[in-house]
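**Student:** Got start18.txt for you, compact mmCIF, C-alpha atoms:
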```txt
# COMPACT_ATOMS: atom_id res chain seq x y z
CA MET A 85 -8.90 -14.85 38.19
CA PRO A 86 -11.92 -12.55 38.13
CA LEU A 87 -12.61 -11.04 34.74
CA ASN A 88 -15.11 -8.46 35.97
CA PRO A 89 -12.64 -5.54 36.08
CA ILE A 90 -11.56 -6.31 32.49
CA ILE A 91 -15.13 -6.59 31.29
CA ALA A 92 -16.02 -3.35 33.07
CA ALA A 93 -13.04 -1.59 31.47
CA THR A 94 -13.98 -2.97 28.04
CA THR A 95 -17.55 -1.78 28.53
CA ALA A 96 -16.24 1.65 29.49
CA LEU A 97 -14.13 1.68 26.32
CA SER A 98 -17.24 0.94 24.27
CA ARG A 99 -18.84 4.10 25.67
CA LEU A 100 -16.19 6.38 24.22
CA ASP A 101 -17.37 8.65 21.44
CA GLY A 102 -17.60 6.87 18.09
CA VAL A 103 -17.10 3.33 19.42
CA ALA A 104 -19.76 1.06 17.88
CA GLY A 105 -18.48 -2.25 19.23
CA VAL A 106 -15.73 -3.99 21.17
CA ILE A 107 -14.39 -7.54 21.26
CA LEU A 108 -11.65 -8.87 23.53
CA PHE A 109 -10.23 -12.32 22.87
CA LYS A 110 -7.20 -14.51 23.37
CA GLY A 111 -6.91 -17.45 21.00
CA GLU A 112 -10.23 -19.27 21.14
CA ASN A 113 -11.17 -17.60 24.41
CA ILE A 114 -13.61 -14.74 23.83
CA VAL A 115 -13.54 -12.62 26.97
CA HIS A 116 -16.00 -9.95 25.88
CA ARG A 117 -18.05 -9.40 22.75
CA GLN A 118 -20.34 -6.45 22.20
CA MET A 119 -21.00 -5.69 18.56
CA PRO A 120 -23.92 -4.03 16.75
CA PHE A 121 -24.56 -7.21 14.77
CA SER A 122 -25.22 -10.90 15.33
CA GLU A 123 -22.95 -13.21 17.31
CA GLN A 124 -22.35 -15.25 14.18
CA ARG A 125 -21.07 -12.21 12.30
CA ALA A 126 -18.90 -11.24 15.27
CA ASP A 127 -17.47 -14.77 15.31
CA GLU A 128 -16.65 -14.51 11.59
CA LEU A 129 -14.85 -11.25 12.28
CA ILE A 130 -12.87 -12.82 15.12
CA ALA A 131 -11.95 -15.84 12.97
CA ILE A 132 -10.54 -13.65 10.18
CA ILE A 133 -8.57 -11.45 12.59
CA ARG A 134 -7.29 -14.54 14.43
CA GLN A 135 -5.98 -15.94 11.13
CA MET A 136 -4.33 -12.62 10.36
CA MET A 137 -2.62 -12.59 13.76
CA ASP A 138 -1.60 -16.25 13.38
CA GLY A 139 0.15 -15.31 10.13
CA TYR A 140 2.12 -12.59 11.88
CA ASN A 141 2.99 -14.96 14.73
CA GLN A 142 4.31 -17.52 12.27
CA VAL A 143 6.88 -15.01 11.03
CA ARG A 144 7.57 -13.97 14.65
CA ARG A 145 6.23 -10.50 14.33
CA LYS A 146 4.68 -8.99 17.42
CA MET A 147 2.05 -6.61 16.15
CA ARG A 148 0.88 -3.78 18.36
CA LEU A 149 -1.86 -2.14 16.36
CA VAL A 150 -3.80 -2.56 13.15
CA HIS A 151 -6.07 0.20 11.90
CA LEU A 152 -8.30 -0.46 8.90
CA GLU A 153 -10.46 2.29 7.53
CA PHE A 154 -13.22 1.07 5.20
CA ASP A 155 -15.66 3.15 3.22
CA GLY A 156 -18.30 2.78 5.93
CA GLY A 157 -16.46 2.47 9.23
CA LEU A 158 -13.20 1.61 10.92
CA LEU A 159 -11.70 -1.40 12.62
CA LEU A 160 -8.95 -0.71 15.10
CA PHE A 161 -7.34 -3.54 16.97
CA MET A 162 -4.62 -3.58 19.55
CA ILE A 163 -2.57 -6.65 20.33
CA GLN A 164 -0.58 -7.56 23.41
CA GLU A 165 0.87 -10.96 24.26
CA GLY A 166 -1.68 -12.86 22.20
CA VAL A 167 -4.63 -10.82 23.49
CA VAL A 168 -6.53 -8.92 20.81
CA LEU A 169 -8.80 -5.98 21.56
CA ILE A 170 -10.94 -5.12 18.53
CA THR A 171 -12.89 -1.89 18.30
CA LEU A 172 -15.41 -1.07 15.59
CA LEU A 173 -15.49 2.69 15.12
CA THR A 174 -17.60 5.22 13.30
CA PRO A 175 -15.90 8.13 11.52
CA LYS A 176 -16.73 10.24 14.59
CA ALA A 177 -14.16 8.37 16.71
CA ASP A 178 -10.68 9.59 17.47
CA PRO A 179 -8.60 6.47 16.62
CA ASP A 180 -5.49 7.74 18.41
CA MET A 181 -7.42 8.27 21.61
CA ILE A 182 -9.13 4.86 21.34
CA ALA A 183 -5.75 3.25 20.61
CA SER A 184 -4.26 4.84 23.73
CA ALA A 185 -7.23 3.82 25.86
CA GLY A 186 -7.14 0.28 24.47
CA SER A 187 -3.40 -0.10 25.01
CA ILE A 188 -3.76 1.13 28.59
CA LEU A 189 -6.59 -1.34 29.16
CA LEU A 190 -4.37 -4.20 27.93
CA ALA A 191 -1.38 -3.00 29.95
CA ASP A 192 -3.38 -2.48 33.16
CA ASN A 193 -4.81 -5.98 32.94
CA ALA A 194 -1.72 -7.66 31.50
CA ARG A 195 -1.25 -10.03 34.45
CA THR A 196 -4.82 -11.34 34.37
CA LEU A 197 -4.86 -11.55 30.59
CA SER A 198 -1.55 -13.42 30.41
CA ALA A 199 -2.92 -16.00 32.84
CA LEU A 200 -5.97 -16.52 30.63
CA SER A 201 -6.29 -19.74 28.72
CA THR A 202 -6.39 -19.58 24.93
CA ALA A 203 -9.02 -22.35 24.91
CA ALA A 204 -12.65 -21.50 24.25
CA SER A 205 -14.43 -20.21 27.33
CA ALA A 206 -18.07 -20.63 28.28
CA LEU A 207 -19.10 -17.12 27.27
CA PRO A 208 -22.82 -16.72 28.03
CA SER A 209 -24.79 -16.97 24.84
CA ALA A 210 -27.64 -14.74 23.71
CA SER A 211 -30.07 -17.13 25.33
CA ASP A 212 -29.51 -15.42 28.69
CA GLY A 213 -32.88 -13.71 28.50
CA VAL A 214 -31.85 -10.70 26.45
CA GLU A 215 -32.59 -11.08 22.78
CA GLU A 216 -29.80 -9.65 20.68
CA LEU A 217 -30.53 -7.05 18.03
CA VAL A 218 -29.66 -8.97 14.88
CA VAL A 219 -28.96 -7.28 11.57
CA THR A 220 -29.30 -9.96 8.95
CA SER A 221 -28.02 -8.16 5.89
CA PRO A 222 -24.68 -6.37 5.64
CA ARG A 223 -24.84 -2.65 6.22
CA THR A 224 -22.36 0.02 7.03
CA VAL A 225 -21.90 0.92 10.65
CA GLN A 226 -23.68 4.23 10.23
CA GLN A 227 -26.61 2.58 8.48
CA ILE A 228 -26.87 0.09 11.33
CA ALA A 229 -26.97 2.93 13.85
CA VAL A 230 -29.59 4.91 11.91
CA LYS A 231 -31.73 1.83 11.36
CA ALA A 232 -31.42 0.78 14.98
CA GLU A 233 -32.45 4.18 16.28
CA SER A 234 -35.67 4.05 14.31
CA PHE A 235 -37.14 1.08 16.13
CA VAL A 236 -35.39 0.61 19.44
CA SER A 237 -36.15 2.24 22.76
CA ASN A 238 -33.77 4.60 24.52
CA TRP A 239 -32.68 1.78 26.84
CA GLY A 240 -29.02 2.26 25.84
CA GLU A 241 -29.02 5.85 27.12
CA VAL A 242 -31.09 4.93 30.19
CA ARG A 243 -28.67 2.11 30.99
CA LYS A 244 -25.74 4.53 30.83
CA VAL A 245 -27.58 6.86 33.23
CA LEU A 246 -28.37 3.94 35.54
CA GLU A 247 -24.81 2.64 35.59
CA GLY A 248 -23.55 6.18 36.20
CA LEU A 249 -25.91 6.58 39.17
CA LEU A 250 -25.18 3.14 40.59
CA SER A 251 -21.43 3.71 40.33
CA LYS A 252 -21.85 6.31 43.08
CA VAL A 253 -22.70 3.54 45.51
CA MET A 254 -20.94 0.49 44.02
CA GLY A 255 -18.24 -0.54 41.55
CA ARG A 256 -18.82 -0.33 37.79
CA ALA A 257 -18.78 -4.11 37.32
CA GLN A 258 -21.21 -4.56 40.20
CA ALA A 259 -23.50 -1.94 38.66
CA THR A 260 -23.41 -3.69 35.28
CA ASN A 261 -24.21 -7.03 36.94
CA LEU A 262 -27.05 -5.50 38.95
CA VAL A 263 -28.66 -4.08 35.79
CA ASN A 264 -28.30 -7.46 34.03
CA ARG A 265 -29.82 -9.29 37.00
CA CYS A 266 -32.77 -6.90 37.05
CA ILE A 267 -33.45 -7.40 33.35
CA GLU A 268 -33.62 -11.15 34.00
CA LYS A 269 -35.65 -10.80 37.17
CA GLU A 270 -38.21 -8.45 35.65
CA ASP A 271 -38.54 -10.80 32.67
CA VAL A 272 -38.94 -7.93 30.21
CA GLY A 273 -37.39 -9.69 27.21
CA ASP A 274 -35.37 -7.32 25.04
CA PRO A 275 -35.13 -3.98 26.87
CA TYR A 276 -34.42 -2.23 23.57
CA ARG A 277 -37.96 -3.06 22.48
CA LEU A 278 -39.73 -1.75 25.56
CA SER A 279 -42.13 1.16 25.52
CA PRO A 280 -40.86 4.39 27.17
CA GLY A 281 -43.06 3.68 30.23
CA ALA A 282 -41.69 0.17 30.59
CA VAL A 283 -38.11 1.46 30.29
CA THR A 284 -38.80 3.88 33.19
CA LYS A 285 -40.35 1.04 35.19
CA LEU A 286 -37.33 -1.17 34.60
CA ALA A 287 -34.92 1.65 35.52
CA THR A 288 -36.85 2.27 38.75
CA ALA A 289 -36.75 -1.44 39.55
CA VAL A 290 -32.96 -1.37 39.18
CA ILE A 291 -32.57 1.58 41.56
CA ASN A 292 -34.93 -0.13 44.03
CA GLN A 293 -32.27 -2.82 44.46
CA VAL A 294 -30.02 -0.36 46.32
CA PRO A 295 -30.34 -1.50 49.95
CA ASN A 296 -29.58 1.79 51.72
CA THR A 297 -32.87 3.75 51.96
CA SER A 298 -31.45 7.27 51.88
CA LYS A 299 -29.08 6.50 49.02
CA ARG A 300 -31.91 4.77 47.15
CA ARG A 301 -34.17 7.82 47.50
CA GLN A 302 -31.38 10.13 46.38
CA LEU A 303 -30.69 7.95 43.31
CA GLN A 304 -34.40 7.70 42.51
CA SER A 305 -34.74 11.46 42.43
CA GLU A 306 -31.58 11.77 40.29
CA LEU A 307 -32.94 9.07 37.96
CA GLU A 308 -36.27 10.90 37.53
CA SER A 309 -34.50 14.12 36.67
CA ALA A 310 -32.11 12.36 34.26
CA LEU A 311 -35.01 10.59 32.53
CA GLU A 312 -36.85 13.89 32.14
CA ASN A 313 -33.76 15.37 30.50
CA LEU A 314 -33.51 12.36 28.17
CA THR A 315 -37.08 12.70 26.95
CA ALA A 316 -36.92 16.52 26.76
CA MET B 149 5.97 4.84 -1.97
CA ARG B 150 3.44 3.80 -4.55
CA LEU B 151 2.38 0.23 -5.23
CA SER B 152 0.39 -0.54 -8.38
CA GLN B 153 -1.08 -3.96 -9.05
CA ASN B 154 -2.44 -5.04 -12.39
CA GLY B 155 -3.31 -8.72 -12.49
CA ASP B 156 -0.07 -10.63 -11.87
CA ARG B 157 2.04 -7.58 -12.58
CA GLU B 158 2.98 -5.12 -9.92
CA SER B 159 5.23 -2.11 -9.77
CA ILE B 160 6.54 -0.14 -6.88
CA SER B 161 8.20 3.24 -6.84
CA GLY B 162 10.00 5.29 -4.18
CA GLY B 163 11.82 4.25 -0.98
CA ASP B 164 14.87 2.07 -0.33
CA SER B 165 14.80 -1.66 -1.01
CA GLU B 166 14.16 -2.71 2.59
CA ALA B 167 11.29 -0.27 3.07
CA THR B 168 9.88 -1.18 -0.33
CA GLN B 169 9.88 -4.88 0.46
CA ARG B 170 8.26 -4.27 3.82
CA PHE B 171 5.64 -1.93 2.37
CA THR B 172 4.70 -4.33 -0.43
CA GLY B 173 4.43 -7.32 1.89
CA GLU B 174 2.37 -5.44 4.42
CA VAL B 175 -0.07 -3.96 1.90
CA LYS B 176 -0.66 -7.33 0.23
CA TYR B 177 -1.09 -9.21 3.50
CA VAL B 178 -3.36 -6.67 5.17
CA SER B 179 -5.47 -5.98 2.08
CA HIS B 180 -6.01 -9.74 1.66
CA PHE B 181 -7.58 -9.97 5.13
CA ALA B 182 -9.36 -6.63 4.73
CA THR B 183 -11.04 -8.00 1.59
CA ARG B 184 -12.26 -10.97 3.62
CA LEU B 185 -13.58 -8.60 6.29
CA LEU B 186 -15.59 -6.53 3.79
CA GLN B 187 -18.49 -8.94 3.57
CA THR B 188 -18.60 -9.53 7.31
CA LEU B 189 -18.71 -5.81 8.01
CA GLY B 190 -21.02 -4.96 5.12
CA MET B 191 -18.55 -2.57 3.55
CA ARG B 192 -17.22 -2.18 0.04
CA ARG B 193 -13.55 -1.27 0.15
CA LEU B 194 -10.55 -0.57 2.29
CA VAL B 195 -9.40 3.01 1.92
CA PHE B 196 -6.66 3.40 4.50
CA GLY B 197 -4.61 1.18 6.80
CA VAL B 198 -1.94 1.47 9.45
CA VAL B 199 0.01 -1.47 10.89
CA GLU B 200 2.40 -1.13 13.82
CA ASP B 201 4.87 -3.47 15.44
CA ARG B 202 8.04 -2.97 17.50
CA GLU B 203 10.04 -2.13 14.40
CA GLY B 204 7.85 0.69 13.20
CA GLN B 205 4.82 1.60 11.23
CA THR B 206 3.49 0.92 7.75
CA ALA B 207 0.65 3.04 6.40
CA PHE B 208 -1.12 2.92 3.08
CA ALA B 209 -4.06 4.59 1.38
CA GLN B 210 -5.85 3.87 -1.82
CA THR B 211 -5.20 6.35 -4.56
CA GLY B 212 -8.46 7.46 -6.17
CA GLU B 213 -11.14 4.83 -6.62
CA SER B 214 -8.72 2.12 -7.72
CA ALA B 215 -8.30 -0.91 -5.47
CA ALA B 216 -5.03 -1.66 -7.22
CA GLU B 217 -2.98 1.40 -6.33
CA TRP B 218 -1.65 2.13 -2.88
CA ASN B 219 0.27 5.11 -1.71
CA GLY B 220 2.10 5.10 1.64
CA PHE B 221 5.27 4.39 3.59
CA SER B 222 7.09 2.06 5.96
CA SER B 223 9.04 3.81 8.67
CA SER B 224 10.73 3.09 11.98
CA ASN B 225 9.11 6.21 13.43
CA ARG B 226 5.62 6.06 14.85
CA ARG B 227 3.18 8.83 14.13
CA ALA B 228 -0.42 9.51 15.11
CA ILE B 229 -3.04 7.84 12.92
CA LYS B 230 -4.80 11.17 12.40
CA GLN B 231 -1.59 12.77 11.19
CA ILE B 232 -0.85 9.95 8.73
CA ARG B 233 -4.41 9.94 7.49
CA GLU B 234 -4.25 13.62 6.80
CA GLN B 235 -0.98 13.18 4.93
CA LEU B 236 -2.11 10.24 2.79
CA LEU B 237 -5.79 10.92 2.19
CA THR B 238 -6.09 14.64 1.91
CA ARG B 239 -3.26 15.27 -0.50
```
Translate the structure described by the file into structure tokens.
**Tutor:**
Amino acid sequence: MPLNPIIAATTALSRLDGVAGVILFKGENIVHRQMPFSEQRADELIAIIRQMMDGYNQVRRKMRLVHLEFDGGLLLFMIQEGVVLITLLTPKADPDMIASAGSILLADNARTLSALSTAASALPSASDGVEELVVTSPRTVQQIAVKAESFVSNWGEVRKVLEGLLSKVMGRAQATNLVNRCIEKEDVGDPYRLSPGAVTKLATAVINQVPNTSKRRQLQSELESALENLTA
Amino acid sequence: MRLSQNGDRESISGGDSEATQRFTGEVKYVSHFATRLLQTLGMRRLVFGVVEDREGQTAFAQTGESAAEWNGFSSSNRRAIKQIREQLLTR
């Protein structure tokens, strides 16, 4: 079964205000993982939460939600039929709203998720051409965000703009895939480390992939105006 | 309900026996895993937690700076996280 709609929905969830990271997994099968720290650290997090859920399963308790507020950030995870959706939140987030959105995501995709295997999947690793931003020492979520902002480009915002524009002419998942393909094709390395000019060039290259000439021109002009607003 | 832990000794006050047992079990289980998550997340302490299943909701918050005292409840009603947080942390 195609997982693109689930991944697109999970990506959309990660764009909600105050969401710093999202992981979706079932048993050993990690469907989606997008955290502001290294893969290894994300795997440690998954392993601990998996053990916690296993403990509940052993006493036949079907958990729905676990919300943990630490001194530097929040972990909110929703559980449905063995599928766990973890969100890492900053204090800015509205946990009730994220919990509703997450539960709807799990309910809407229940059929696909229940058919998923619990065995480890071949999730693409970081060696897919995009170098992950790795934070080697533990920091609070806010510190990570502040630190990250000081040396990364505005690619995150530009990508949101791009995906928003592309979604006018194609599905969200298709838009996400198109952006990923362009990053690989343009061989830019880590887009978060590009200069502002190179970010604009990459964004233009993405829009240039739209086959319809008039739509492409329209999107190009909207992109230019959006990029001007971003740098203003 | 209030759960105080001091080494091997623990005391709990408030609530009926079923709710007390549930609250104690939940706080101990969740705080055990939360402690393991601290290092992974780069944080220092758990301040507030909510756990929900079909039967209801258990919520707990640390009282003051002590990691050994938890204030909260176990209930069959489900309430918004924001509302519980306000009740337990801003009192």
**Student:** Once you count only C-alpha atoms, what closest atom pair and distance in Å to one decimal does each residue of chain B within 8 Å of chain A have, with rows by chain and rising residue number, as a Markdown table?
**Tutor:**
```
| residue | atom | partner | partner_atom | distance |
| --- | --- | --- | --- | --- |
| B:Val178 | CA | A:Met136 | CA | 8.0 |
| B:Phe181 | CA | A:Met136 | CA | 6.7 |
| B:Ala182 | CA | A:Leu152 | CA | 7.5 |
| B:Arg184 | CA | A:Ile132 | CA | 7.3 |
| B:Leu185 | CA | A:Leu129 | CA | 6.7 |
| B:Gln187 | CA | A:Pro222 | CA | 7.0 |
| B:Thr188 | CA | A:Arg125 | CA | 6.2 |
| B:Leu189 | CA | A:Pro222 | CA | 6.4 |
| B:Gly190 | CA | A:Pro222 | CA | 4.0 |
| B:Met191 | CA | A:Thr224 | CA | 5.8 |
| B:Arg192 | CA | A:Asp155 | CA | 6.4 |
| B:Arg193 | CA | A:Phe154 | CA | 5.6 |
| B:Leu194 | CA | A:Phe154 | CA | 4.3 |
| B:Val195 | CA | A:Phe154 | CA | 5.4 |
| B:Phe196 | CA | A:Glu153 | CA | 5.0 |
| B:Gly197 | CA | A:Leu152 | CA | 4.6 |
| B:Val198 | CA | A:His151 | CA | 5.0 |
| B:Val199 | CA | A:Val150 | CA | 4.6 |
| B:Glu200 | CA | A:Leu149 | CA | 5.1 |
| B:Asp201 | CA | A:Met147 | CA | 4.3 |
| B:Arg202 | CA | A:Lys146 | CA | 6.9 |
| B:Ala228 | CA | A:Asp180 | CA | 6.3 |
| B:Ile229 | CA | A:Asp180 | CA | 6.0 |
| B:Lys230 | CA | A:Asp180 | CA | 7.0 |
```
**Student:** Select, from B:Asp164, B:Asn219, B:Thr172, B:Thr211, the residue with the minimum atom-to-atom distance to Met149 of chain B, counting all atoms listed in the file.
**Tutor:**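 Using all atoms listed in the file, the shortest distance to Met149 of chain B belongs to B:Asn219.
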**Student:** Within 7 Å of (-13.5, -7.6, 29.4), only C-alpha atoms: residues as a PyMOL selection string?
**Tutor:** chain A and resi 87-88+90-94+108+115-116
**Student:** Now that the selection is made, can you save its residues with C-alpha atoms as an mmCIF file, in the frame of the given file?
**Tutor:**
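Saved result, selection10.cif, follows:
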```cif
data_model
loop_
_atom_site.group_PDB
_atom_site.id
_atom_site.type_symbol
_atom_site.label_atom_id
_atom_site.label_comp_id
_atom_site.auth_asym_id
_atom_site.auth_seq_id
_atom_site.Cartn_x
_atom_site.Cartn_y
_atom_site.Cartn_z
ATOM 1 C CA LEU A 87 -12.610 -11.040 34.740
ATOM 2 C CA ASN A 88 -15.110 -8.460 35.970
ATOM 3 C CA ILE A 90 -11.560 -6.310 32.490
ATOM 4 C CA ILE A 91 -15.130 -6.590 31.290
ATOM 5 C CA ALA A 92 -16.020 -3.350 33.070
ATOM 6 C CA ALA A 93 -13.040 -1.590 31.470
ATOM 7 C CA THR A 94 -13.980 -2.970 28.040
ATOM 8 C CA LEU A 108 -11.650 -8.870 23.530
ATOM 9 C CA VAL A 115 -13.540 -12.620 26.970
ATOM 10 C CA HIS A 116 -16.000 -9.950 25.880
#
```
**Student:** Do a neighbour search on Asn238 of chain A at 7 Å with all atoms listed in the file, toss out local chain neighbours closer than 3 positions, and write the hits as a count of residues only.
**Tutor:** 3
**Student:** Compare A:Asn141, A:Thr171, A:Thr260, A:Ser305 by their minimum atom-to-atom distance to Lys244 of chain A, counting only C-alpha atoms, and give me the closest one.
**Tutor:**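 Selected residue with least distance to Lys244 of chain A: A:Thr260.
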**Student:** From the options B:Leu237, B:Thr183, B:Gly173, B:Arg227, which residue's atoms come nearest to Ile160 of chain B, counting only C-alpha atoms?
**Tutor:**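 Closest candidate: B:Gly173.
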